[in-house]
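Text of the file target-v6.txt, holding compact mmCIF, C-alpha atoms:
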# COMPACT_ATOMS: atom_id res chain seq x y z
CA MET S 1 34.12 -26.11 5.96
CA ALA S 2 32.95 -24.80 9.34
CA LYS S 3 35.20 -26.79 11.64
CA TRP S 4 37.31 -25.39 14.46
CA ARG S 5 40.02 -26.66 16.75
CA ILE S 6 39.88 -24.29 19.69
CA GLN S 7 43.06 -24.19 21.77
CA ASN S 8 43.77 -22.88 25.26
CA VAL S 9 40.18 -22.61 26.45
CA ARG S 10 38.87 -24.19 29.64
CA MET S 11 35.28 -24.43 30.85
CA ALA S 12 35.57 -23.15 34.40
CA GLY S 13 31.96 -23.68 35.36
CA VAL S 14 28.32 -24.01 34.38
CA SER S 15 25.08 -23.22 36.18
CA ALA S 16 21.35 -23.25 35.51
CA CYS S 17 18.19 -21.61 36.77
CA VAL S 18 14.61 -22.75 36.19
CA PRO S 19 11.24 -21.29 37.21
CA GLU S 20 9.68 -22.72 40.38
CA ASN S 21 6.41 -23.43 38.58
CA VAL S 22 6.25 -27.06 37.38
CA VAL S 23 3.62 -28.12 34.85
CA LYS S 24 2.89 -31.83 34.46
CA THR S 25 1.60 -33.14 31.14
CA GLU S 26 -1.65 -34.09 32.90
CA ASP S 27 -2.09 -30.41 33.84
CA ILE S 28 -2.12 -29.22 30.21
CA ASP S 29 -5.77 -28.63 29.40
CA LEU S 30 -5.26 -29.20 25.67
CA MET S 31 -4.83 -32.92 26.34
CA SER S 32 -7.19 -35.59 27.61
CA PRO S 33 -5.85 -37.90 30.35
CA GLU S 34 -5.41 -40.64 27.73
CA GLU S 35 -3.51 -38.31 25.41
CA ALA S 36 -1.31 -37.17 28.27
CA GLU S 37 -0.41 -40.76 29.10
CA VAL S 38 0.46 -41.55 25.48
CA PHE S 39 2.51 -38.33 25.28
CA ASN S 40 4.43 -39.16 28.45
CA ASN S 41 5.26 -42.63 27.18
CA THR S 42 6.23 -41.68 23.64
CA VAL S 43 7.51 -38.10 23.65
CA GLY S 44 8.85 -38.69 27.14
CA ILE S 45 8.37 -35.16 28.52
CA LYS S 46 6.45 -35.60 31.77
CA LYS S 47 7.15 -32.26 33.45
CA ARG S 48 8.49 -28.86 32.49
CA HIS S 49 9.30 -25.68 34.42
CA ILE S 50 7.35 -22.72 33.05
CA ALA S 51 8.09 -19.09 33.88
CA PRO S 52 5.38 -16.52 34.62
CA ASP S 53 5.01 -13.78 32.00
CA THR S 54 6.96 -11.44 34.24
CA VAL S 55 10.13 -13.56 34.05
CA CYS S 56 12.31 -13.46 30.94
CA ALA S 57 15.13 -15.74 29.82
CA SER S 58 17.56 -13.00 30.80
CA ASP S 59 16.29 -13.10 34.40
CA MET S 60 17.00 -16.82 34.70
CA CYS S 61 20.39 -16.42 33.00
CA GLN S 62 21.23 -13.54 35.32
CA LYS S 63 20.46 -15.60 38.42
CA ALA S 64 22.47 -18.54 37.08
CA ALA S 65 25.36 -16.21 36.26
CA GLU S 66 25.39 -14.46 39.65
CA LYS S 67 25.61 -17.79 41.43
CA LEU S 68 28.30 -19.09 39.11
CA ILE S 69 30.45 -15.96 39.41
CA GLU S 70 30.11 -16.12 43.19
CA GLU S 71 31.17 -19.78 43.41
CA LEU S 72 33.99 -19.28 40.91
CA GLY S 73 35.20 -16.34 42.95
CA TRP S 74 35.68 -14.35 39.76
CA ASP S 75 36.20 -10.60 39.96
CA LYS S 76 33.47 -9.19 37.68
CA GLY S 77 36.02 -6.76 36.32
CA SER S 78 37.92 -9.70 34.84
CA ILE S 79 35.07 -10.71 32.51
CA ASP S 80 35.88 -9.54 28.99
CA VAL S 81 33.08 -11.11 26.94
CA LEU S 82 29.35 -11.55 27.56
CA ILE S 83 27.33 -13.55 25.06
CA PHE S 84 23.56 -13.90 25.41
CA GLU S 85 22.25 -16.74 23.30
CA SER S 86 18.45 -16.73 23.07
CA VAL S 87 15.54 -16.33 20.69
CA THR S 88 13.51 -14.77 23.50
CA GLY S 89 15.42 -11.62 24.40
CA ASP S 90 13.90 -8.83 26.48
CA TYR S 91 13.31 -6.45 23.56
CA LYS S 92 13.71 -6.41 19.79
CA THR S 93 16.30 -3.75 20.43
CA PRO S 94 18.63 -3.14 22.19
CA PRO S 95 20.60 -6.39 22.48
CA THR S 96 19.80 -8.11 25.78
CA SER S 97 23.52 -8.77 26.37
CA CYS S 98 23.98 -5.01 26.85
CA LEU S 99 21.22 -4.93 29.47
CA LEU S 100 22.81 -7.90 31.22
CA GLN S 101 26.20 -6.17 31.29
CA ASP S 102 24.58 -3.52 33.45
CA ARG S 103 22.40 -5.84 35.52
CA LEU S 104 25.36 -8.10 36.30
CA GLY S 105 27.57 -5.14 37.13
CA LEU S 106 30.18 -5.98 34.51
CA PRO S 107 32.69 -3.31 33.44
CA ASP S 108 32.07 -1.04 30.45
CA THR S 109 35.03 -2.72 28.79
CA THR S 110 32.91 -5.87 28.30
CA PHE S 111 32.35 -7.04 24.72
CA CYS S 112 28.63 -7.91 24.49
CA LEU S 113 26.95 -9.96 21.81
CA ASP S 114 23.47 -11.41 21.25
CA MET S 115 23.10 -14.65 19.33
CA PRO S 116 19.62 -15.96 18.42
CA MET S 117 20.57 -19.45 17.26
CA GLY S 118 17.99 -21.73 18.88
CA CYS S 119 18.68 -25.29 19.91
CA CYS S 120 22.31 -25.28 18.69
CA GLY S 121 22.84 -22.13 20.77
CA CYS S 122 25.15 -23.62 23.38
CA LEU S 123 27.58 -24.95 20.80
CA TYR S 124 27.47 -21.66 18.86
CA ALA S 125 28.19 -19.71 22.06
CA ILE S 126 31.09 -21.96 23.08
CA THR S 127 32.51 -21.71 19.57
CA VAL S 128 32.33 -17.91 19.37
CA GLY S 129 33.37 -17.28 22.98
CA GLY S 130 36.06 -19.93 22.78
CA ASN S 131 37.55 -18.52 19.60
CA LEU S 132 37.62 -15.00 21.06
CA ILE S 133 39.56 -16.31 24.06
CA SER S 134 41.76 -18.56 21.95
CA SER S 135 42.95 -15.49 20.04
CA GLY S 136 44.68 -14.42 23.26
CA ASN S 137 43.19 -10.93 23.29
CA VAL S 138 40.62 -11.69 25.99
CA LYS S 139 40.84 -14.08 28.92
CA ARG S 140 37.36 -14.68 30.29
CA ALA S 141 33.91 -15.09 28.74
CA LEU S 142 30.48 -15.54 30.22
CA LEU S 143 27.99 -17.34 28.00
CA LEU S 144 24.34 -16.94 28.96
CA ILE S 145 22.04 -19.35 27.18
CA GLY S 146 18.32 -19.54 27.82
CA ASP S 147 14.81 -19.22 26.51
CA THR S 148 11.15 -18.92 27.42
CA ALA S 149 10.09 -20.77 24.29
CA LEU S 150 6.53 -21.63 25.29
CA ARG S 151 5.53 -17.98 25.01
CA MET S 152 6.69 -17.79 21.38
CA GLY S 153 3.84 -19.97 20.23
CA SER S 154 0.10 -20.31 20.53
CA LEU S 155 -1.17 -21.72 23.81
CA LYS S 156 -3.79 -23.52 21.68
CA ASP S 157 -1.18 -25.41 19.66
CA LYS S 158 -1.08 -28.99 20.92
CA SER S 159 1.86 -29.83 18.67
CA ARG S 160 4.04 -27.35 20.53
CA VAL S 161 2.79 -26.48 24.02
CA PRO S 162 3.82 -29.73 25.76
CA LEU S 163 7.32 -29.80 24.28
CA PHE S 164 9.12 -26.85 25.84
CA GLY S 165 10.39 -25.85 29.24
CA ASP S 166 11.96 -22.59 30.36
CA CYS S 167 15.53 -22.32 31.62
CA GLY S 168 18.51 -19.97 31.79
CA THR S 169 22.09 -21.19 31.99
CA ALA S 170 25.53 -19.66 32.39
CA ILE S 171 28.86 -21.03 31.22
CA ALA S 172 32.23 -19.61 32.23
CA LEU S 173 35.13 -19.97 29.80
CA GLU S 174 38.68 -18.85 30.46
CA PHE S 175 42.12 -18.86 28.88
CA ASP S 176 44.21 -21.85 29.97
CA GLU S 177 47.25 -22.99 28.03
CA SER S 178 46.92 -26.50 29.45
CA ALA S 179 43.30 -26.97 28.34
CA PRO S 180 42.55 -29.84 25.96
CA GLU S 181 41.47 -28.89 22.45
CA ILE S 182 37.78 -28.28 21.71
CA VAL S 183 36.80 -29.55 18.25
CA VAL S 184 33.52 -28.53 16.67
CA ASP S 185 31.88 -28.64 13.30
CA PHE S 186 28.74 -26.93 12.08
CA HIS S 187 26.29 -27.54 9.28
CA THR S 188 23.41 -25.53 7.89
CA PHE S 189 20.43 -26.51 5.72
CA GLY S 190 18.83 -23.12 5.10
CA LYS S 191 16.46 -24.56 2.54
CA GLY S 192 14.59 -26.19 5.41
CA TYR S 193 14.04 -22.95 7.36
CA GLU S 194 10.23 -23.18 7.24
CA ALA S 195 10.21 -26.27 9.43
CA LEU S 196 10.71 -24.12 12.53
CA MET S 197 9.77 -20.49 12.19
CA THR S 198 7.76 -17.48 13.35
CA PRO S 199 6.17 -16.20 10.12
CA HIS S 200 5.15 -12.68 11.23
CA GLY S 201 6.72 -10.06 13.47
CA GLY S 202 10.00 -9.60 11.64
CA PHE S 203 10.63 -7.14 8.84
CA ARG S 204 9.68 -9.61 6.06
CA HIS S 205 6.16 -9.70 7.49
CA PRO S 206 5.78 -7.04 10.16
CA ALA S 207 3.05 -7.58 12.72
CA THR S 208 -0.33 -6.35 11.45
CA PRO S 209 -3.85 -7.12 12.71
CA GLU S 210 -3.93 -10.20 10.45
CA SER S 211 -0.85 -11.55 12.26
CA PHE S 212 -3.09 -12.26 15.24
CA VAL S 213 -5.93 -13.98 13.38
CA GLU S 214 -6.00 -17.59 14.52
CA GLU S 215 -6.54 -20.50 12.17
CA ASP S 216 -7.57 -24.04 13.10
CA PHE S 217 -5.22 -26.48 11.38
CA GLY S 218 -6.89 -29.56 12.90
CA ASN S 219 -5.34 -32.12 15.25
CA GLY S 220 -5.50 -29.61 18.10
CA ILE S 221 -3.42 -26.98 16.35
CA VAL S 222 -4.80 -23.44 16.50
CA ARG S 223 -2.37 -20.62 15.88
CA ALA S 224 -1.87 -17.25 14.17
CA PRO S 225 1.02 -16.11 11.93
CA ILE S 226 2.58 -14.26 14.87
CA HIS S 227 3.09 -17.60 16.61
CA THR S 228 6.07 -19.88 16.22
CA LEU S 229 5.24 -23.08 14.39
CA ILE S 230 6.73 -26.54 14.17
CA ASN S 231 6.32 -28.70 11.09
CA GLY S 232 6.68 -31.94 13.01
CA MET S 233 7.35 -34.31 10.12
CA ASN S 234 10.00 -32.05 8.58
CA VAL S 235 11.70 -31.48 11.92
CA PHE S 236 11.64 -35.14 12.81
CA SER S 237 13.02 -36.30 9.48
CA PHE S 238 15.80 -33.70 9.76
CA ALA S 239 16.65 -34.47 13.38
CA ILE S 240 16.94 -38.22 12.95
CA SER S 241 19.02 -38.03 9.78
CA LYS S 242 21.45 -35.10 9.43
CA PRO S 243 22.82 -34.87 13.01
CA PRO S 244 23.59 -38.60 13.49
CA LYS S 245 25.30 -38.72 10.10
CA SER S 246 27.49 -35.81 11.11
CA VAL S 247 28.33 -37.39 14.47
CA GLU S 248 29.24 -40.64 12.75
CA GLN S 249 31.51 -38.80 10.33
CA PHE S 250 32.99 -36.68 13.12
CA LEU S 251 33.90 -39.75 15.20
CA GLU S 252 35.49 -41.40 12.18
CA VAL S 253 37.52 -38.36 11.09
CA GLU S 254 38.68 -37.62 14.63
CA GLY S 255 39.49 -41.26 15.31
CA ILE S 256 37.21 -41.41 18.35
CA ASP S 257 36.04 -44.83 19.54
CA ARG S 258 32.46 -44.34 20.82
CA ASN S 259 32.80 -47.20 23.30
CA GLU S 260 36.29 -46.54 24.66
CA ASP S 261 37.17 -42.86 24.26
CA VAL S 262 34.00 -41.04 25.36
CA ASP S 263 32.61 -40.61 28.85
CA TYR S 264 29.26 -39.09 27.87
CA PHE S 265 27.26 -38.18 24.78
CA LEU S 266 25.13 -35.09 25.32
CA ILE S 267 22.33 -35.07 22.77
CA HIS S 268 19.99 -32.08 22.45
CA GLN S 269 16.89 -33.08 24.41
CA ALA S 270 14.34 -32.41 21.67
CA ASN S 271 12.07 -35.27 22.64
CA LYS S 272 12.50 -38.91 23.59
CA MET S 273 11.60 -40.30 20.17
CA ILE S 274 14.25 -38.21 18.47
CA VAL S 275 16.98 -38.78 21.06
CA ASP S 276 16.25 -42.52 21.14
CA ARG S 277 16.52 -42.68 17.36
CA VAL S 278 19.81 -40.78 17.34
CA VAL S 279 21.20 -43.07 20.05
CA LYS S 280 20.06 -46.19 18.24
CA LYS S 281 21.37 -45.10 14.84
CA LEU S 282 24.76 -44.25 16.28
CA LYS S 283 24.81 -47.43 18.37
CA LEU S 284 25.76 -45.41 21.43
CA PRO S 285 26.18 -47.14 24.79
CA SER S 286 22.97 -46.16 26.55
CA ASP S 287 24.63 -45.74 29.98
CA LYS S 288 26.68 -42.90 28.48
CA VAL S 289 23.69 -40.91 27.21
CA PRO S 290 22.02 -38.91 29.99
CA TYR S 291 18.46 -37.62 29.52
CA ASN S 292 16.69 -34.85 31.41
CA LEU S 293 13.81 -34.14 29.04
CA GLU S 294 11.42 -36.13 31.23
CA GLU S 295 11.86 -33.51 33.95
CA TYR S 296 12.59 -30.30 32.01
CA GLY S 297 11.32 -30.74 28.43
CA ASN S 298 13.06 -29.25 25.42
CA LEU S 299 15.11 -26.30 26.71
CA GLY S 300 16.40 -25.12 23.33
CA GLY S 301 20.01 -23.95 23.47
CA ALA S 302 20.09 -24.51 27.23
CA SER S 303 19.52 -28.23 26.79
CA ILE S 304 23.18 -29.30 26.77
CA PRO S 305 24.40 -27.11 29.66
CA SER S 306 21.32 -28.20 31.65
CA LEU S 307 22.38 -31.82 31.18
CA MET S 308 25.76 -30.95 32.68
CA VAL S 309 24.12 -29.34 35.72
CA THR S 310 21.30 -31.82 36.33
CA ARG S 311 22.83 -35.13 35.29
CA LEU S 312 26.63 -34.85 35.31
CA ARG S 313 27.29 -32.55 38.25
CA ASP S 314 29.18 -35.12 40.36
CA GLN S 315 31.28 -36.28 37.43
CA LEU S 316 32.15 -32.84 36.04
CA THR S 317 32.97 -31.30 39.41
CA SER S 318 35.37 -34.09 40.30
CA SER S 319 37.34 -35.07 37.19
CA PRO S 320 37.81 -34.43 33.46
CA GLN S 321 35.08 -35.91 31.26
CA ARG S 322 35.38 -36.49 27.54
CA LEU S 323 32.12 -35.31 26.00
CA ILE S 324 30.63 -35.58 22.53
CA MET S 325 27.84 -33.06 22.10
CA SER S 326 25.26 -33.03 19.31
CA SER S 327 22.66 -30.33 18.86
CA PHE S 328 20.22 -29.46 16.08
CA GLY S 329 17.44 -26.98 15.47
CA LEU S 330 16.50 -23.63 13.91
CA GLY S 331 17.92 -22.73 10.57
CA LEU S 332 18.04 -25.63 10.10
CA SER S 333 21.41 -26.01 11.79
CA TRP S 334 23.28 -28.79 13.53
CA ALA S 335 26.64 -29.19 15.21
CA THR S 336 28.92 -31.77 16.78
CA MET S 337 31.48 -30.91 19.45
CA SER S 338 34.17 -32.93 21.18
CA ALA S 339 35.62 -31.53 24.40
CA THR S 340 37.12 -32.63 27.67
CA PHE S 341 35.62 -30.48 30.41
CA GLY S 342 36.18 -30.61 34.16
CA PRO S 343 36.85 -30.49 36.94
CA MET S 344 34.77 -27.36 37.11
CA ILE S 345 32.40 -25.44 39.36
CA ILE S 346 28.72 -26.38 39.10
CA PRO S 347 26.41 -24.75 41.65
CA GLU S 348 23.17 -26.47 42.61
CA ILE S 349 20.38 -25.69 40.17
CA GLN S 350 18.77 -22.35 40.98
CA THR S 351 15.07 -21.48 40.93
CA ILE S 352 13.32 -18.20 40.30
CA MET B 353 16.09 -64.29 5.31
CA SER B 354 16.25 -62.56 1.93
CA ASN B 355 16.33 -58.80 1.69
CA ILE B 356 12.84 -58.62 0.18
CA GLU B 357 11.54 -60.71 3.09
CA LYS B 358 13.22 -58.29 5.48
CA TYR B 359 11.63 -55.40 3.59
CA ASN B 360 8.17 -56.97 3.66
CA ASN B 361 8.51 -57.69 7.37
CA ILE B 362 8.86 -53.97 8.01
CA PHE B 363 5.34 -53.44 6.65
CA VAL B 364 4.01 -56.51 8.42
CA GLU B 365 5.34 -55.19 11.71
CA VAL B 366 4.13 -51.61 11.28
CA PHE B 367 0.71 -52.28 9.72
CA GLY B 368 0.02 -55.88 10.79
CA VAL B 369 -0.73 -56.63 7.14
CA ASP B 370 -0.48 -59.98 5.35
CA PRO B 371 2.59 -59.97 3.03
CA SER B 372 0.42 -61.13 0.10
CA LEU B 373 -1.31 -57.73 0.16
CA LEU B 374 1.91 -55.78 -0.34
CA ASN B 375 2.47 -54.23 -3.76
CA ASP B 376 3.46 -50.88 -5.24
CA ASP B 377 -0.07 -49.53 -4.69
CA PHE B 378 0.24 -50.02 -0.94
CA SER B 379 0.70 -46.35 -0.09
CA LYS B 380 -0.13 -43.34 2.01
CA ASP B 381 -3.07 -42.66 -0.33
CA THR B 382 -4.60 -46.13 -0.13
CA VAL B 383 -3.90 -47.19 3.46
CA ASP B 384 -5.98 -45.44 6.11
CA LEU B 385 -3.52 -46.18 8.91
CA TRP B 386 -0.58 -44.60 7.03
CA ASP B 387 0.05 -41.40 8.99
CA SER B 388 3.29 -39.61 9.86
CA VAL B 389 3.93 -41.79 12.91
CA HIS B 390 3.57 -45.00 10.88
CA GLN B 391 5.79 -43.53 8.17
CA LEU B 392 8.51 -42.73 10.70
CA ASN B 393 8.21 -46.25 12.12
CA LEU B 394 8.65 -47.68 8.62
CA VAL B 395 11.75 -45.56 8.08
CA SER B 396 13.21 -46.46 11.47
CA LEU B 397 12.75 -50.16 10.86
CA ALA B 398 14.16 -49.89 7.34
CA GLU B 399 17.27 -48.17 8.71
CA GLU B 400 17.72 -50.82 11.38
CA SER B 401 16.97 -53.80 9.13
CA PHE B 402 19.47 -52.76 6.46
CA ASP B 403 21.91 -50.75 8.63
CA ILE B 404 21.48 -47.62 6.52
CA MET B 405 21.03 -43.92 7.32
CA LEU B 406 18.43 -42.15 5.21
CA ASP B 407 18.33 -38.44 4.36
CA PRO B 408 15.38 -36.16 5.26
CA GLU B 409 14.09 -36.24 1.68
CA ASP B 410 14.11 -40.05 1.75
CA ILE B 411 12.19 -40.07 5.02
CA MET B 412 9.62 -37.64 3.62
CA GLY B 413 9.46 -39.56 0.33
CA PHE B 414 8.87 -42.97 1.92
CA THR B 415 5.16 -42.78 1.06
CA SER B 416 4.51 -46.16 -0.55
CA TYR B 417 5.77 -49.73 -0.64
CA GLY B 418 7.19 -49.07 -4.12
CA LYS B 419 8.88 -45.78 -3.30
CA GLY B 420 10.36 -47.32 -0.18
CA LYS B 421 11.93 -50.06 -2.30
CA GLU B 422 13.55 -47.44 -4.54
CA ILE B 423 14.86 -45.51 -1.53
CA VAL B 424 16.32 -48.60 0.12
CA ALA B 425 17.84 -49.81 -3.16
CA ALA B 426 19.49 -46.40 -3.67
CA GLN B 427 21.37 -47.04 -0.43
CA GLY B 428 23.02 -50.07 -2.05
CA VAL B 429 20.62 -52.70 -0.71
CA ASP B 430 19.99 -55.43 -3.29
CA LEU B 431 16.37 -56.42 -2.77
CA GLU B 432 16.79 -59.34 -5.16
CA ALA B 433 19.40 -60.89 -2.89
Let me see the file written as structure tokens.
Amino acid sequence: MAKWRIQNVRMAGVSACVPENVVKTEDIDLMSPEEAEVFNNTVGIKKRHIAPDTVCASDMCQKAAEKLIEELGWDKGSIDVLIFESVTGDYKTPPTSCLLQDRLGLPDTTFCLDMPMGCCGCLYAITVGGNLISSGNVKRALLLIGDTALRMGSLKDKSRVPLFGDCGTAIALEFDESAPEIVVDFHTFGKGYEALMTPHGGFRHPATPESFVEEDFGNGIVRAPIHTLINGMNVFSFAISKPPKSVEQFLEVEGIDRNEDVDYFLIHQANKMIVDRVVKKLKLPSDKVPYNLEEYGNLGGASIPSLMVTRLRDQLTSSPQRLIMSSFGLGLSWATMSATFGPMIIPEIQTI
Amino acid sequence: MSNIEKYNNIFVEVFGVDPSLLNDDFSKDTVDLWDSVHQLNLVSLAEESFDIMLDPEDIMGFTSYGKGKEIVAAQGVDLEA
């Protein structure tokens, strides 16, 4: 059973960086004005920040990290671990975390690791980084989580283009014997992997000329095998069933009262229909469930840290907050985490 | 309200159909309006009406009035009650 109780780890800070360029749903030329209005009202994503082709996830993460390190007052030489969680790294090889070690000016003693885990990425990164610190061998970890997901797919795919925004985040973890326990459990349903995938471009199906041949699937979906696809019905049925069941079980096993013991529930901001369903099924108090998808879209692994920066900054910078976090995505994978974070450093959101 | 009335009301609400027209042949293949959005609405209302949580395969398999009854009954809901 993939469940951890992570001791002695404190979240010292979190930051985020988004591109300056904002795209409203009405600006997406794949949609008519009527379709855009329906999309805004149902899927709930009205705006998203989109990076130019010259800006990678690592650039946004780097800017978020520089600001966070500065406000924390951390000596860069004290950072032992650098994790880059993204499915949109700079190159196939080498690992982007190694490039970031140099670009951030971290010491050559830094342990660097890339993790391409998608929408559960934040909880994976906290789990891995937290466990490394909890072992007592290292004291500080920097987790960089971000993506430029729009560029993974076809720009003629109406089922995908309006969903995603670009963002890079940075989380600082450090050893602290007085830190409350972080509890997390993970689940995987590998059988469902085809629901979210990029068929060509890996070593199972290397990119060939046929990888770029577009096919019209109807309903405004035109894409080639090199593009990332979403099987909407499969993803939706997964997202509204497995994660809430796990949260329900988690709360019961841990003896957590959803109305009394929790300050906020941070749900991966996939889209409004999914988050609303999860909230309704779990009977969560709506004033404890912040949303930011209307302004940023689905940010993949950066979704949960972006909620901390954009919606809970005042609360998390001033006092401890008991959080239940639920994320779900690629794999298919899903995770539930309970943690009390704060007070911590949260710089104002950065732009690039 | 009996459970079967609750179940029928789900279809009435989603499709605006008269309950007398509901039978096991009322399905994705015979109802023009039955697309993925309507199917997800059916599932959502079924979960709320009977306070159950369905699995992905149930959600995907909820493709007719009859199959829906089997799925709901498998969750311990007595549709005769």
Considering all atoms listed in the file, give me a table of residues in chain S that are at most 9 Å from chain B, with the closest atom pair and distance in Å for each, as CSV.
residue,atom,partner,partner_atom,distance
S:Gly232,CA,B:Ser388,CA,9.0
S:Met233,CA,B:Ser388,CA,6.7
S:Asn234,CA,B:Met412,CA,7.5
S:Val235,CA,B:Pro408,CA,8.9
S:Phe236,CA,B:Leu392,CA,8.5
S:Ser237,CA,B:Pro408,CA,4.8
S:Phe238,CA,B:Pro408,CA,5.1
S:Ala239,CA,B:Pro408,CA,8.4
S:Ile240,CA,B:Pro408,CA,8.1
S:Ser241,CA,B:Asp407,CA,5.5
S:Lys242,CA,B:Asp407,CA,6.8
S:Pro244,CA,B:Met405,CA,8.5
S:Lys245,CA,B:Met405,CA,7.3
S:Arg277,CA,B:Ser396,CA,7.7
S:Lys280,CA,B:Glu400,CA,8.6
S:Lys281,CA,B:Glu400,CA,7.6
Exercise for the section: Find the residues around His205 (chain S) up to 10 Å (all atoms listed in the file counted), leave out those fewer than 5 positions away in its own chain, and share them as a ChimeraX atom specification. Expected result: /S:198-200,211,225-226
Could the residues in this selection be saved with C-alpha atoms as a PDB file, in the frame of the given file?
ATOM      1  CA  THR S 198       7.760 -17.480  13.350  1.00  0.00           C
ATOM      2  CA  PRO S 199       6.170 -16.200  10.120  1.00  0.00           C
ATOM      3  CA  HIS S 200       5.150 -12.680  11.230  1.00  0.00           C
ATOM      4  CA  SER S 211      -0.850 -11.550  12.260  1.00  0.00           C
ATOM      5  CA  PRO S 225       1.020 -16.110  11.930  1.00  0.00           C
ATOM      6  CA  ILE S 226       2.580 -14.260  14.870  1.00  0.00           C
TER       7      ILE S 226
END
Problem - Among listed residues B:Asp370, B:His390, B:Leu397, B:Phe402, nearest Thr415 (chain B) (using all atoms listed in the file) - result: B:His390
Exercise for the section: Rank S:Lys139, S:Ile171, S:Gln315, S:Leu113 by their smallest atom-to-atom distance to Ile69 (chain S), using only C-alpha atoms, and report the top residue only. Expected result: S:Ile171
Practice task
Just give me the residues with any atom within 12 Å of (14.2, -61.5, 3.9), file coordinates, counting all atoms listed in the file, written as a list of chain:residue names.
Solution key: B:Met353, B:Ser354, B:Asn355, B:Ile356, B:Glu357, B:Lys358, B:Tyr359, B:Asn360, B:Asn361, B:Ile362, B:Pro371, B:Ser401, B:Phe402, B:Val429, B:Asp430, B:Leu431, B:Glu432, B:Ala433
Problem - Who sits within 7 Å of region 35-40 of chain S, only C-alpha atoms, same chain under 6 positions skipped, as a list in words - result: Thr25, Glu26 and Lys46 of chain S
Exercise for the section: Within 10 Å of (38.2, -32.0, 37.3) (coordinates as in the file), grab all the protein and nucleic acid residues, counting all atoms listed in the file, and write them out as a PyMOL selection string. Expected result: chain S and resi 12+315-321+340-345
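In this comparison, which uses all atoms listed in the file, the residue of B:Val369, B:Ser416, B:Lys421, B:Ala398 approaching Thr382 (chain B) most closely is B:Ser416.
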Problem - Interatomic distance (Å, one decimal) between CA of Thr54 (chain S) and CA of Leu100 (chain S) - result: 16.5 Å
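Atom pair CA of Leu72 (chain S) / CA of Ala16 (chain S): separated by 14.3 Å.
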Problem - Minimum-distance residue to Thr96 (chain S), chosen among S:Met11, S:Ile352, S:Ile145, S:Ala302 (using all atoms listed in the file) - result: S:Ile145
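Distance annotation: of S:Phe265, S:Phe217, S:Phe186, S:Tyr124, the residue with the minimal separation from Arg311 (chain S) is S:Phe265; atom set is only C-alpha atoms.
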Practice task
Using CA of Cys17 (chain S) and CA of Gly202 (chain S) as the two end points, give the distance in Å to one decimal.
Solution key: 29.0 Å
Polymer residues at most 10 Å from region 47-52 of chain S, all atoms listed in the file, same-chain spacing of 3 or more positions, as a PDB file with C-alpha atoms, in the coordinates of the input:
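Final file, part.pdb:
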ATOM      1  CA  VAL S  18      14.610 -22.750  36.190  1.00  0.00           C
ATOM      2  CA  PRO S  19      11.240 -21.290  37.210  1.00  0.00           C
ATOM      3  CA  GLU S  20       9.680 -22.720  40.380  1.00  0.00           C
ATOM      4  CA  ASN S  21       6.410 -23.430  38.580  1.00  0.00           C
ATOM      5  CA  VAL S  22       6.250 -27.060  37.380  1.00  0.00           C
ATOM      6  CA  VAL S  23       3.620 -28.120  34.850  1.00  0.00           C
ATOM      7  CA  LYS S  24       2.890 -31.830  34.460  1.00  0.00           C
ATOM      8  CA  THR S  25       1.600 -33.140  31.140  1.00  0.00           C
ATOM      9  CA  GLU S  26      -1.650 -34.090  32.900  1.00  0.00           C
ATOM     10  CA  ASP S  27      -2.090 -30.410  33.840  1.00  0.00           C
ATOM     11  CA  ASN S  40       4.430 -39.160  28.450  1.00  0.00           C
ATOM     12  CA  GLY S  44       8.850 -38.690  27.140  1.00  0.00           C
ATOM     13  CA  VAL S  55      10.130 -13.560  34.050  1.00  0.00           C
ATOM     14  CA  CYS S  56      12.310 -13.460  30.940  1.00  0.00           C
ATOM     15  CA  ALA S  57      15.130 -15.740  29.820  1.00  0.00           C
ATOM     16  CA  MET S  60      17.000 -16.820  34.700  1.00  0.00           C
ATOM     17  CA  ASP S 147      14.810 -19.220  26.510  1.00  0.00           C
ATOM     18  CA  THR S 148      11.150 -18.920  27.420  1.00  0.00           C
ATOM     19  CA  ALA S 149      10.090 -20.770  24.290  1.00  0.00           C
ATOM     20  CA  LEU S 150       6.530 -21.630  25.290  1.00  0.00           C
ATOM     21  CA  ARG S 151       5.530 -17.980  25.010  1.00  0.00           C
ATOM     22  CA  PRO S 162       3.820 -29.730  25.760  1.00  0.00           C
ATOM     23  CA  LEU S 163       7.320 -29.800  24.280  1.00  0.00           C
ATOM     24  CA  PHE S 164       9.120 -26.850  25.840  1.00  0.00           C
ATOM     25  CA  GLY S 165      10.390 -25.850  29.240  1.00  0.00           C
ATOM     26  CA  ASP S 166      11.960 -22.590  30.360  1.00  0.00           C
ATOM     27  CA  CYS S 167      15.530 -22.320  31.620  1.00  0.00           C
ATOM     28  CA  LEU S 293      13.810 -34.140  29.040  1.00  0.00           C
ATOM     29  CA  GLU S 294      11.420 -36.130  31.230  1.00  0.00           C
ATOM     30  CA  GLU S 295      11.860 -33.510  33.950  1.00  0.00           C
ATOM     31  CA  TYR S 296      12.590 -30.300  32.010  1.00  0.00           C
ATOM     32  CA  GLY S 297      11.320 -30.740  28.430  1.00  0.00           C
ATOM     33  CA  ASN S 298      13.060 -29.250  25.420  1.00  0.00           C
ATOM     34  CA  LEU S 299      15.110 -26.300  26.710  1.00  0.00           C
ATOM     35  CA  THR S 351      15.070 -21.480  40.930  1.00  0.00           C
ATOM     36  CA  ILE S 352      13.320 -18.200  40.300  1.00  0.00           C
TER      37      ILE S 352
END
